[in-house]
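Here is the structure we will look at, set down as structure tokens.
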Amino acid sequence: MEVDIWQKIYQKNKEIATALSEKLREKEILCVNVLGSPGIGKTSCLIEIIKRLDFKSYVIEGDVEADFDTVKLQKLGINAVQIDTHGACHLDSPLIEIAVEELSPEKGILFIENIGNLICPAEFKIGEHIIVLIVSVTDGSDKPYKYPLAFQKADIIILNKCDLLPYVDFDFDFFSQGVRGNNKTAPIIKVSAKTGEGFEDIIKYLEKLC
Ligand SMILES: Nc1nc2c(ncn2[C@@H]2O[C@H](COP(=O)(O)OP(=O)(O)OP(=O)(O)O)[C@@H](O)[C@H]2O)c(=O)[nH]1
Ligand SMILES: [Mg+2]
């Protein structure tokens with residue numbers, strides 16, 4: 001019985017996500033689901049990406065509580081809305097449907113910063129066309145081995161905080177072997193949202209999809 005209810009929830013979420021993704025595609029909006037652990041620089045990377053993009057950008061910010069990230073983006077003139085889940089560890093497609101209505105995005109790119117977590121957000125489709133996974137050199141190089149699903153689902157992997165490489169033990173070869181064990185194709189792009197290094201390749205990648 002319990003399994004049945006979960007299957008129904010997953011199925012309903014998937015149906016809404018598929019319809020939303022089609023609707024956004026029809027409006028020529030690329031929907032990007034941004035995954036990553038808490039504090040690895042999701043919002044900082046989004047700011048660096050959006051300021052370099054030629055396309056109109058929108059952000060749906062997901063957090064458990066608080067709206068600091070949305071306020072930060074709005075102060076920079078970025079069109080952003082906040083979803084607080086008040087405890088839930090991932091966003092789902094009915095929540096995104098409501099936020100999209102509030103944002104009323106036009107042709108361009110809609111980024112959705114999912115809840116900081118490497119597990120549940122990877123399990124729920126939310127209307128995205130692509131998944132961007134952001135990881136940080138401060139997380140340690142073993143994350144692809146410990147949290148395989150997020151790495152399997154990623155279309156592109158951004159390795160952030162590379163300015164800190166001289167100060168942390170991060171083994172890039174071990175990390176990339178772990179990524180390739182899960183995902184043969186996603187590009188791995190090294191960046192620093194602090195220095196702005198590395199973002200050109202992400203812009204090229206996204207602009208090709210628009
Ligand atoms: N040194 C360094 N610090 C960074 C970099 N990117 C982000 N930070 C810092 O890391 C902290 C967290 O950055 P955020 O962008 O808020 O991270 P987040 O993943 O959006 O965090 P949550 O939304 O709370 O999960 C802030 O103090 C940033 O200034 C980077 O490339 N290098
Ligand atoms: Mg954030």
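By order in the structure tokens, chains are A, B, ...; within a chain, residues start at 1; ligands start at 1, following the order shown.
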Could you give me, as a compact mmCIF listing (two decimals) with N, CA and C atoms, in the first residue's frame, every polymer residue with an atom at most 6 Å away from an atom of ligand 1, counting only C-alpha atoms and all ligand atoms?
# COMPACT_ATOMS: atom_id res chain seq x y z
N PRO A 38 24.42 22.22 -0.01
CA PRO A 38 24.33 23.56 0.56
C PRO A 38 25.68 24.28 0.52
N GLY A 39 25.63 25.55 0.12
CA GLY A 39 26.81 26.41 0.25
C GLY A 39 27.92 26.20 -0.75
N ILE A 40 27.69 25.39 -1.81
CA ILE A 40 28.80 25.14 -2.74
C ILE A 40 28.93 26.25 -3.78
N GLY A 41 27.99 27.22 -3.73
CA GLY A 41 28.10 28.35 -4.65
C GLY A 41 27.08 28.34 -5.77
N LYS A 42 25.91 27.76 -5.54
CA LYS A 42 24.88 27.72 -6.60
C LYS A 42 24.47 29.14 -6.99
N THR A 43 24.09 29.94 -5.97
CA THR A 43 23.64 31.30 -6.27
C THR A 43 24.78 32.13 -6.87
N SER A 44 25.98 31.99 -6.30
CA SER A 44 27.13 32.76 -6.81
C SER A 44 27.41 32.41 -8.27
N GLY A 116 19.53 22.83 -1.45
CA GLY A 116 20.89 22.33 -1.29
C GLY A 116 20.90 20.92 -0.72
N ASN A 160 33.16 24.21 -8.75
CA ASN A 160 33.33 25.60 -8.30
C ASN A 160 34.39 25.72 -7.19
N LYS A 161 34.70 26.95 -6.87
CA LYS A 161 35.67 27.34 -5.82
C LYS A 161 37.08 26.87 -6.17
N ASP A 163 39.47 28.57 -7.03
CA ASP A 163 40.47 29.49 -6.44
C ASP A 163 41.03 28.92 -5.13
N LEU A 164 40.29 27.97 -4.52
CA LEU A 164 40.74 27.41 -3.23
C LEU A 164 41.57 26.14 -3.39
N SER A 192 35.59 29.51 -10.85
CA SER A 192 35.58 30.16 -9.54
C SER A 192 34.61 31.31 -9.63
N ALA A 193 33.55 31.24 -8.83
CA ALA A 193 32.59 32.36 -8.82
C ALA A 193 33.18 33.57 -8.12
N LYS A 194 34.31 33.36 -7.43
CA LYS A 194 34.97 34.49 -6.75
C LYS A 194 35.80 35.31 -7.75
Name each residue within 12 Å of ligand 2, counting only C-alpha atoms and all ligand atoms, as a ChimeraX atom specification.
/A:34-47,59-73,82-83,111-117,134
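Interatomic distance, atom CA of Glu106 of chain A to atom CA of Lys153 of chain A: 26.6 Å.
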Residue contacts of Cys120 of chain A (6 Å, only C-alpha atoms) excluding same-chain residues fewer than 2 positions away, as a list in words
His90, Ala122 and Glu123 of chain A
Store the residues picked out above, limited to N, CA and C atoms, as an mmCIF file, in the first residue's frame.
data_model
loop_
_atom_site.group_PDB
_atom_site.id
_atom_site.type_symbol
_atom_site.label_atom_id
_atom_site.label_comp_id
_atom_site.auth_asym_id
_atom_site.auth_seq_id
_atom_site.Cartn_x
_atom_site.Cartn_y
_atom_site.Cartn_z
ATOM 1 N N HIS A 90 13.451 18.887 -1.284
ATOM 2 C CA HIS A 90 13.558 19.017 -2.733
ATOM 3 C C HIS A 90 12.364 19.827 -3.244
ATOM 4 N N ALA A 122 17.672 15.052 -7.019
ATOM 5 C CA ALA A 122 18.002 14.286 -8.231
ATOM 6 C C ALA A 122 16.885 13.311 -8.606
ATOM 7 N N GLU A 123 15.971 13.065 -7.689
ATOM 8 C CA GLU A 123 14.921 12.055 -7.930
ATOM 9 C C GLU A 123 13.646 12.638 -8.518
#
So which residues touch Tyr205 of chain A within 12 Å, counting only C-alpha atoms, skipping near sequence neighbours fewer than 2 positions away, as a ChimeraX atom specification?
/A:49,53,130,132,155-158,186-189,199-203,207-210
With N, CA and C atoms kept, could you save the residues just selected as an mmCIF file, in the first residue's frame?
data_model
loop_
_atom_site.group_PDB
_atom_site.id
_atom_site.type_symbol
_atom_site.label_atom_id
_atom_site.label_comp_id
_atom_site.auth_asym_id
_atom_site.auth_seq_id
_atom_site.Cartn_x
_atom_site.Cartn_y
_atom_site.Cartn_z
ATOM 1 N N ILE A 49 26.937 33.478 -14.236
ATOM 2 C CA ILE A 49 26.421 33.018 -15.533
ATOM 3 C C ILE A 49 25.489 34.073 -16.123
ATOM 4 N N LEU A 53 25.319 36.172 -19.873
ATOM 5 C CA LEU A 53 24.397 35.646 -20.894
ATOM 6 C C LEU A 53 23.764 36.766 -21.715
ATOM 7 N N ILE A 130 17.380 20.616 -18.886
ATOM 8 C CA ILE A 130 18.716 20.092 -18.541
ATOM 9 C C ILE A 130 18.967 20.233 -17.036
ATOM 10 N N VAL A 132 22.008 21.018 -14.350
ATOM 11 C CA VAL A 132 23.370 21.490 -14.096
ATOM 12 C C VAL A 132 23.708 21.100 -12.658
ATOM 13 N N ASP A 155 23.628 16.939 -16.887
ATOM 14 C CA ASP A 155 24.010 17.179 -18.286
ATOM 15 C C ASP A 155 25.341 17.912 -18.352
ATOM 16 N N ILE A 156 25.618 18.685 -17.309
ATOM 17 C CA ILE A 156 26.884 19.427 -17.248
ATOM 18 C C ILE A 156 27.261 19.539 -15.771
ATOM 19 N N ILE A 157 28.553 19.405 -15.494
ATOM 20 C CA ILE A 157 29.015 19.450 -14.095
ATOM 21 C C ILE A 157 29.980 20.621 -13.935
ATOM 22 N N ILE A 158 29.647 21.487 -12.994
ATOM 23 C CA ILE A 158 30.492 22.664 -12.741
ATOM 24 C C ILE A 158 31.251 22.419 -11.441
ATOM 25 N N ALA A 186 28.846 14.098 -19.686
ATOM 26 C CA ALA A 186 28.671 15.471 -19.178
ATOM 27 C C ALA A 186 30.013 16.196 -19.095
ATOM 28 N N PRO A 187 30.108 17.373 -19.710
ATOM 29 C CA PRO A 187 31.360 18.124 -19.565
ATOM 30 C C PRO A 187 31.588 18.527 -18.104
ATOM 31 N N ILE A 188 32.859 18.536 -17.698
ATOM 32 C CA ILE A 188 33.206 19.002 -16.341
ATOM 33 C C ILE A 188 33.923 20.343 -16.520
ATOM 34 N N ILE A 189 33.366 21.386 -15.967
ATOM 35 C CA ILE A 189 33.944 22.716 -16.190
ATOM 36 C C ILE A 189 34.397 23.311 -14.857
ATOM 37 N N PHE A 199 33.917 30.697 -16.712
ATOM 38 C CA PHE A 199 32.487 30.743 -17.040
ATOM 39 C C PHE A 199 32.168 30.791 -18.543
ATOM 40 N N GLU A 200 33.179 31.137 -19.365
ATOM 41 C CA GLU A 200 32.912 31.275 -20.806
ATOM 42 C C GLU A 200 32.396 29.961 -21.399
ATOM 43 N N ASP A 201 32.981 28.823 -20.952
ATOM 44 C CA ASP A 201 32.576 27.522 -21.514
ATOM 45 C C ASP A 201 31.136 27.184 -21.141
ATOM 46 N N ILE A 202 30.690 27.629 -19.973
ATOM 47 C CA ILE A 202 29.298 27.374 -19.564
ATOM 48 C C ILE A 202 28.355 28.203 -20.435
ATOM 49 N N ILE A 203 28.748 29.435 -20.680
ATOM 50 C CA ILE A 203 27.913 30.321 -21.510
ATOM 51 C C ILE A 203 27.765 29.716 -22.912
ATOM 52 N N GLU A 207 24.229 28.700 -24.462
ATOM 53 C CA GLU A 207 23.740 29.451 -25.624
ATOM 54 C C GLU A 207 23.459 28.532 -26.810
ATOM 55 N N LYS A 208 24.211 27.430 -26.902
ATOM 56 C CA LYS A 208 23.951 26.458 -27.977
ATOM 57 C C LYS A 208 22.577 25.819 -27.815
ATOM 58 N N LEU A 209 22.087 25.722 -26.576
ATOM 59 C CA LEU A 209 20.810 25.055 -26.310
ATOM 60 C C LEU A 209 19.602 25.975 -26.463
ATOM 61 N N CYS A 210 19.869 27.284 -26.542
ATOM 62 C CA CYS A 210 18.743 28.243 -26.610
ATOM 63 C C CYS A 210 18.220 28.436 -28.024
#
Dump as a Markdown table the rows for residues of segment 87-204 of chain A within 8 Å of segment 15-23 of chain A: closest atom pair and distance in Å with one decimal, only C-alpha atoms counted, ordered by chain and rising residue number.
| residue | atom | partner | partner_atom | distance |
| --- | --- | --- | --- | --- |
| A:Ser93 | CA | A:Ala17 | CA | 5.2 |
| A:Pro94 | CA | A:Ile16 | CA | 6.8 |
| A:Glu97 | CA | A:Leu20 | CA | 7.0 |
| A:Lys125 | CA | A:Ala17 | CA | 5.9 |
| A:Ile126 | CA | A:Ala17 | CA | 4.9 |
| A:Gly127 | CA | A:Ala17 | CA | 4.1 |
| A:Glu128 | CA | A:Ser21 | CA | 5.9 |
| A:His129 | CA | A:Ser21 | CA | 6.6 |
Export, as an mmCIF file, in the first residue's frame, the selected residues with N, CA and C atoms.
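For reference, selection-v5.cif as written:
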data_model
loop_
_atom_site.group_PDB
_atom_site.id
_atom_site.type_symbol
_atom_site.label_atom_id
_atom_site.label_comp_id
_atom_site.auth_asym_id
_atom_site.auth_seq_id
_atom_site.Cartn_x
_atom_site.Cartn_y
_atom_site.Cartn_z
ATOM 1 N N SER A 93 7.267 19.471 -9.069
ATOM 2 C CA SER A 93 6.730 20.182 -10.234
ATOM 3 C C SER A 93 5.477 21.028 -9.928
ATOM 4 N N PRO A 94 4.564 20.626 -9.016
ATOM 5 C CA PRO A 94 3.446 21.532 -8.717
ATOM 6 C C PRO A 94 3.921 22.872 -8.150
ATOM 7 N N GLU A 97 5.246 24.932 -11.036
ATOM 8 C CA GLU A 97 4.135 25.437 -11.857
ATOM 9 C C GLU A 97 3.617 26.779 -11.311
ATOM 10 N N LYS A 125 11.687 15.164 -11.125
ATOM 11 C CA LYS A 125 11.717 16.039 -12.303
ATOM 12 C C LYS A 125 10.855 17.259 -11.991
ATOM 13 N N ILE A 126 11.277 18.433 -12.448
ATOM 14 C CA ILE A 126 10.523 19.650 -12.115
ATOM 15 C C ILE A 126 10.246 20.503 -13.358
ATOM 16 N N GLY A 127 10.281 19.872 -14.515
ATOM 17 C CA GLY A 127 9.986 20.610 -15.748
ATOM 18 C C GLY A 127 11.238 21.066 -16.479
ATOM 19 N N GLU A 128 12.389 20.591 -16.025
ATOM 20 C CA GLU A 128 13.652 21.042 -16.625
ATOM 21 C C GLU A 128 13.927 20.380 -17.976
ATOM 22 N N HIS A 129 14.727 21.092 -18.789
ATOM 23 C CA HIS A 129 15.247 20.494 -20.029
ATOM 24 C C HIS A 129 16.646 19.957 -19.781
#
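Of the listed residues (A:Phe174, A:Tyr10, A:Tyr167, A:Phe55), A:Phe55 comes nearest to Ile109 of chain A; the distances count only C-alpha atoms.
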With DSSP run on the backbone, what are the strand (DSSP E) residues within segment 72-203 of chain A? I'd like them as a ChimeraX atom specification.
/A:79-84,108-113,130-136,156-160,188-190
Distance atom CA of Phe170 of chain A-atom CA of Ser141 of chain A, one decimal place?
5.5 Å
Select from segment 2-205 of chain A everything DSSP, run on the backbone, classes as helix (DSSP H, G or I), then give the selection as a PyMOL selection string.
chain A and resi 2-26+42-52+68-75+93-103+120-123+137-139+143-146+148-153+162-167+172-182+199-205
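For the residues A:Leu76, A:Cys31, A:Leu24, A:Ala99, ranking by smallest atom-to-atom distance to Glu48 of chain A using only C-alpha atoms places A:Leu76 first.
Of the residues under consideration (A:Ala150, A:Cys89, A:Val179, A:Val137), A:Val137 shows the shortest atom-to-atom contact distance to Leu165 of chain A when counting only C-alpha atoms.
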